[in-house]
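Asker: This is final_25.cif, which holds mmCIF, C-alpha atoms:
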data_my_file
#
loop_
_atom_site.label_atom_id
_atom_site.label_comp_id
_atom_site.auth_asym_id
_atom_site.auth_seq_id
_atom_site.Cartn_x
_atom_site.Cartn_y
_atom_site.Cartn_z
CA MET A 1 -4.65 17.45 -11.16
CA LYS A 2 -5.90 15.33 -14.09
CA LYS A 3 -3.16 16.71 -16.32
CA LYS A 4 -0.51 15.65 -13.80
CA ILE A 5 -1.96 12.15 -13.58
CA LEU A 6 -2.06 11.90 -17.38
CA ILE A 7 1.60 12.91 -17.57
CA LEU A 8 2.57 10.40 -14.88
CA VAL A 9 0.66 7.58 -16.56
CA SER A 10 2.32 8.49 -19.86
CA ILE A 11 5.73 8.27 -18.23
CA LEU A 12 4.83 4.87 -16.80
CA VAL A 13 3.74 3.64 -20.24
CA VAL A 14 7.07 4.79 -21.68
CA PHE A 15 8.91 2.92 -18.93
CA LEU A 16 6.93 -0.21 -19.73
CA ALA A 17 7.50 0.15 -23.47
CA ILE A 18 11.28 0.50 -23.28
CA PRO A 19 12.17 -3.06 -22.13
CA PRO A 20 10.53 -4.90 -25.07
CA PHE A 21 12.22 -2.52 -27.49
CA VAL A 22 15.61 -3.07 -25.83
CA ASN A 23 15.01 -6.83 -25.80
CA TYR A 24 14.32 -6.78 -29.53
CA TRP A 25 17.38 -4.63 -30.13
CA VAL A 26 19.62 -6.87 -28.04
CA SER A 27 18.35 -10.19 -29.38
CA THR A 28 18.59 -9.17 -33.04
CA PRO A 29 21.82 -10.57 -34.48
CA SER A 30 24.29 -8.06 -35.82
CA PRO A 31 27.64 -8.40 -37.56
CA ILE A 32 29.52 -6.66 -34.73
CA GLY A 33 27.55 -8.33 -31.92
CA PHE A 34 26.03 -6.35 -29.11
CA ILE A 35 25.52 -8.82 -26.28
CA PRO A 36 26.49 -12.47 -26.45
CA ILE A 37 23.58 -14.91 -26.21
CA GLU A 38 24.87 -16.37 -22.93
CA LYS A 39 24.80 -12.89 -21.31
CA GLN A 40 21.25 -11.94 -22.28
CA GLU A 41 19.83 -13.01 -18.91
CA VAL A 42 21.67 -10.06 -17.37
CA TRP A 43 19.09 -7.82 -19.01
CA ILE A 44 16.37 -9.21 -16.73
CA SER A 45 17.78 -7.15 -13.87
CA PHE A 46 17.78 -4.12 -16.15
CA TYR A 47 14.10 -4.65 -16.93
CA ALA A 48 13.23 -5.10 -13.28
CA SER A 49 15.11 -2.00 -12.17
CA LEU A 50 13.64 0.08 -14.97
CA ILE A 51 10.05 -0.96 -14.29
CA GLY A 52 10.53 -0.75 -10.53
CA SER A 53 11.98 2.73 -10.67
CA GLY A 54 9.18 3.90 -12.94
CA ILE A 55 6.52 2.58 -10.59
CA THR A 56 8.33 4.12 -7.62
CA LEU A 57 8.49 7.52 -9.32
CA LEU A 58 4.81 7.29 -10.18
CA GLY A 59 3.96 6.45 -6.57
CA VAL A 60 6.03 9.31 -5.19
CA ALA A 61 4.52 11.77 -7.65
CA LEU A 62 0.97 10.65 -6.83
CA THR A 63 1.72 10.95 -3.11
CA ILE A 64 3.03 14.49 -3.58
CA CYS A 65 -0.04 15.45 -5.64
CA TYR A 66 -2.41 13.99 -3.04
CA THR A 67 -0.59 15.69 -0.16
CA ASP A 68 -0.70 19.03 -1.96
CA PHE A 69 -4.41 18.56 -2.67
CA THR A 70 -5.26 17.72 0.96
CA ARG A 71 -3.11 20.60 2.23
CA LYS A 72 -5.05 23.04 0.04
CA GLU A 73 -8.37 21.61 1.23
CA ASP A 74 -7.30 21.91 4.87
CA PHE A 75 -6.13 25.48 4.34
CA GLU A 76 -9.44 26.42 2.69
CA SER A 77 -11.51 24.82 5.45
CA MET A 78 -9.49 26.68 8.10
CA ASN A 79 -10.07 30.01 6.34
CA ARG A 80 -13.84 29.43 6.05
CA ASN A 81 -14.26 29.09 9.82
#
Do you think you could lay out the structure here as structure tokens?
Answerer:
Amino acid sequence: MKKKILILVSILVVFLAIPPFVNYWVSTPSPIGFIPIEKQEVWISFYASLIGSGITLLGVALTICYTDFTRKEDFESMNRN
């Protein structure tokens, strides 16, 4: 159970680390141009969707782990009686 939580937290950290890296990459001037300066605010929705989806996946995974844990406990308590 702890290993699963560690993996899920690691995934969440990766999701939180990606947006600053992308922001740096986008805002760094380049000779060919990646995103015009006036369009950089569009990336805010990208950040929000990326962080939101990561948190949602973490919540779903934790819910599945907790449900599996309680199901096993219930099954064991039924077999003891």
Asker: Would you kindly return, as a list in words, each protein, DNA or RNA residue with an atom no farther than 12 Å from any atom of Leu6 of chain A, considering all atoms listed in the file and excluding same-chain residues fewer than 5 positions away?
Answerer: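 Everything that qualifies: Met1, Ile11, Leu12, Val13, Leu58, Ala61 and Leu62 of chain A.
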Asker: Taking all atoms listed in the file into account, name the residue in A:Ser10, A:Lys4, A:Phe46, A:Phe69 that is nearest to Asn23 of chain A.
Answerer: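 Among A:Ser10, A:Lys4, A:Phe46, A:Phe69, it is A:Phe46 that comes nearest to Asn23 of chain A.
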Asker: Using all atoms listed in the file for the distances, tell me which of A:Thr63, A:Phe15, A:Ile55, A:Glu41 is nearest to Ser27 of chain A.
Answerer: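 Closest to Ser27 of chain A of all the choices is A:Glu41.
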Asker: Kindly indicate which residue among A:Leu8, A:Val42, A:Met78, A:Leu16 lies nearest to Cys65 of chain A, using only C-alpha atoms for the distances.
Answerer: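 Comparing A:Leu8, A:Val42, A:Met78, A:Leu16 against Cys65 of chain A, the winner is A:Leu8.
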Asker: Quick one: distance from atom CA of Gly54 of chain A to atom CA of Thr70 of chain A in Å, one decimal?
Answerer: 24.3 Å
Asker: Between atom CA of Arg71 of chain A and atom CA of Val9 of chain A, what is the distance in Å, rounded to a tenth?
Answerer: 23.2 Å
Asker: How would segment 49-67 of chain A read, as a short mmCIF file (atom, residue, chain, number, x, y, z; two decimals), keeping the file's coordinate frame, once N, CA, C and O atoms are built in?
Answerer:
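Saved result, rebuild.cif, follows:
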data_model
loop_
_atom_site.label_atom_id
_atom_site.label_comp_id
_atom_site.auth_asym_id
_atom_site.auth_seq_id
_atom_site.Cartn_x
_atom_site.Cartn_y
_atom_site.Cartn_z
N SER A 49 14.77 -3.30 -12.76
CA SER A 49 15.11 -2.00 -12.17
C SER A 49 14.42 -0.86 -12.90
O SER A 49 13.98 0.12 -12.28
N LEU A 50 14.29 -0.97 -14.20
CA LEU A 50 13.64 0.08 -14.97
C LEU A 50 12.15 0.17 -14.63
O LEU A 50 11.63 1.26 -14.35
N ILE A 51 11.48 -0.95 -14.62
CA ILE A 51 10.05 -0.96 -14.29
C ILE A 51 9.83 -0.57 -12.83
O ILE A 51 8.93 0.23 -12.51
N GLY A 52 10.66 -1.09 -11.95
CA GLY A 52 10.53 -0.75 -10.53
C GLY A 52 10.74 0.72 -10.25
O GLY A 52 10.02 1.33 -9.46
N SER A 53 11.73 1.31 -10.90
CA SER A 53 11.98 2.73 -10.67
C SER A 53 10.85 3.58 -11.25
O SER A 53 10.48 4.60 -10.67
N GLY A 54 10.30 3.16 -12.38
CA GLY A 54 9.18 3.90 -12.94
C GLY A 54 7.96 3.87 -12.05
O GLY A 54 7.30 4.89 -11.83
N ILE A 55 7.66 2.70 -11.50
CA ILE A 55 6.52 2.58 -10.59
C ILE A 55 6.76 3.38 -9.31
O ILE A 55 5.85 4.02 -8.78
N THR A 56 8.00 3.35 -8.82
CA THR A 56 8.33 4.12 -7.62
C THR A 56 8.16 5.61 -7.87
O THR A 56 7.59 6.33 -7.03
N LEU A 57 8.65 6.10 -9.01
CA LEU A 57 8.49 7.52 -9.32
C LEU A 57 7.03 7.90 -9.46
O LEU A 57 6.61 8.97 -9.01
N LEU A 58 6.24 7.03 -10.06
CA LEU A 58 4.81 7.29 -10.18
C LEU A 58 4.17 7.37 -8.81
O LEU A 58 3.37 8.27 -8.53
N GLY A 59 4.51 6.44 -7.93
CA GLY A 59 3.96 6.45 -6.57
C GLY A 59 4.34 7.68 -5.79
O GLY A 59 3.50 8.28 -5.10
N VAL A 60 5.58 8.10 -5.89
CA VAL A 60 6.03 9.31 -5.19
C VAL A 60 5.31 10.53 -5.74
O VAL A 60 4.85 11.40 -4.98
N ALA A 61 5.19 10.62 -7.05
CA ALA A 61 4.52 11.77 -7.65
C ALA A 61 3.05 11.83 -7.26
O ALA A 61 2.52 12.90 -6.94
N LEU A 62 2.38 10.67 -7.26
CA LEU A 62 0.97 10.65 -6.83
C LEU A 62 0.83 11.03 -5.37
O LEU A 62 -0.12 11.73 -4.99
N THR A 63 1.75 10.59 -4.53
CA THR A 63 1.72 10.95 -3.11
C THR A 63 1.90 12.45 -2.94
O THR A 63 1.20 13.08 -2.13
N ILE A 64 2.81 13.04 -3.67
CA ILE A 64 3.03 14.49 -3.58
C ILE A 64 1.78 15.24 -4.05
O ILE A 64 1.37 16.21 -3.41
N CYS A 65 1.19 14.80 -5.14
CA CYS A 65 -0.04 15.45 -5.64
C CYS A 65 -1.17 15.35 -4.61
O CYS A 65 -1.87 16.33 -4.35
N TYR A 66 -1.34 14.18 -4.02
CA TYR A 66 -2.41 13.99 -3.04
C TYR A 66 -2.16 14.83 -1.79
O TYR A 66 -3.08 15.45 -1.26
N THR A 67 -0.92 14.89 -1.34
CA THR A 67 -0.59 15.69 -0.16
C THR A 67 -0.83 17.16 -0.42
O THR A 67 -1.36 17.88 0.43
#
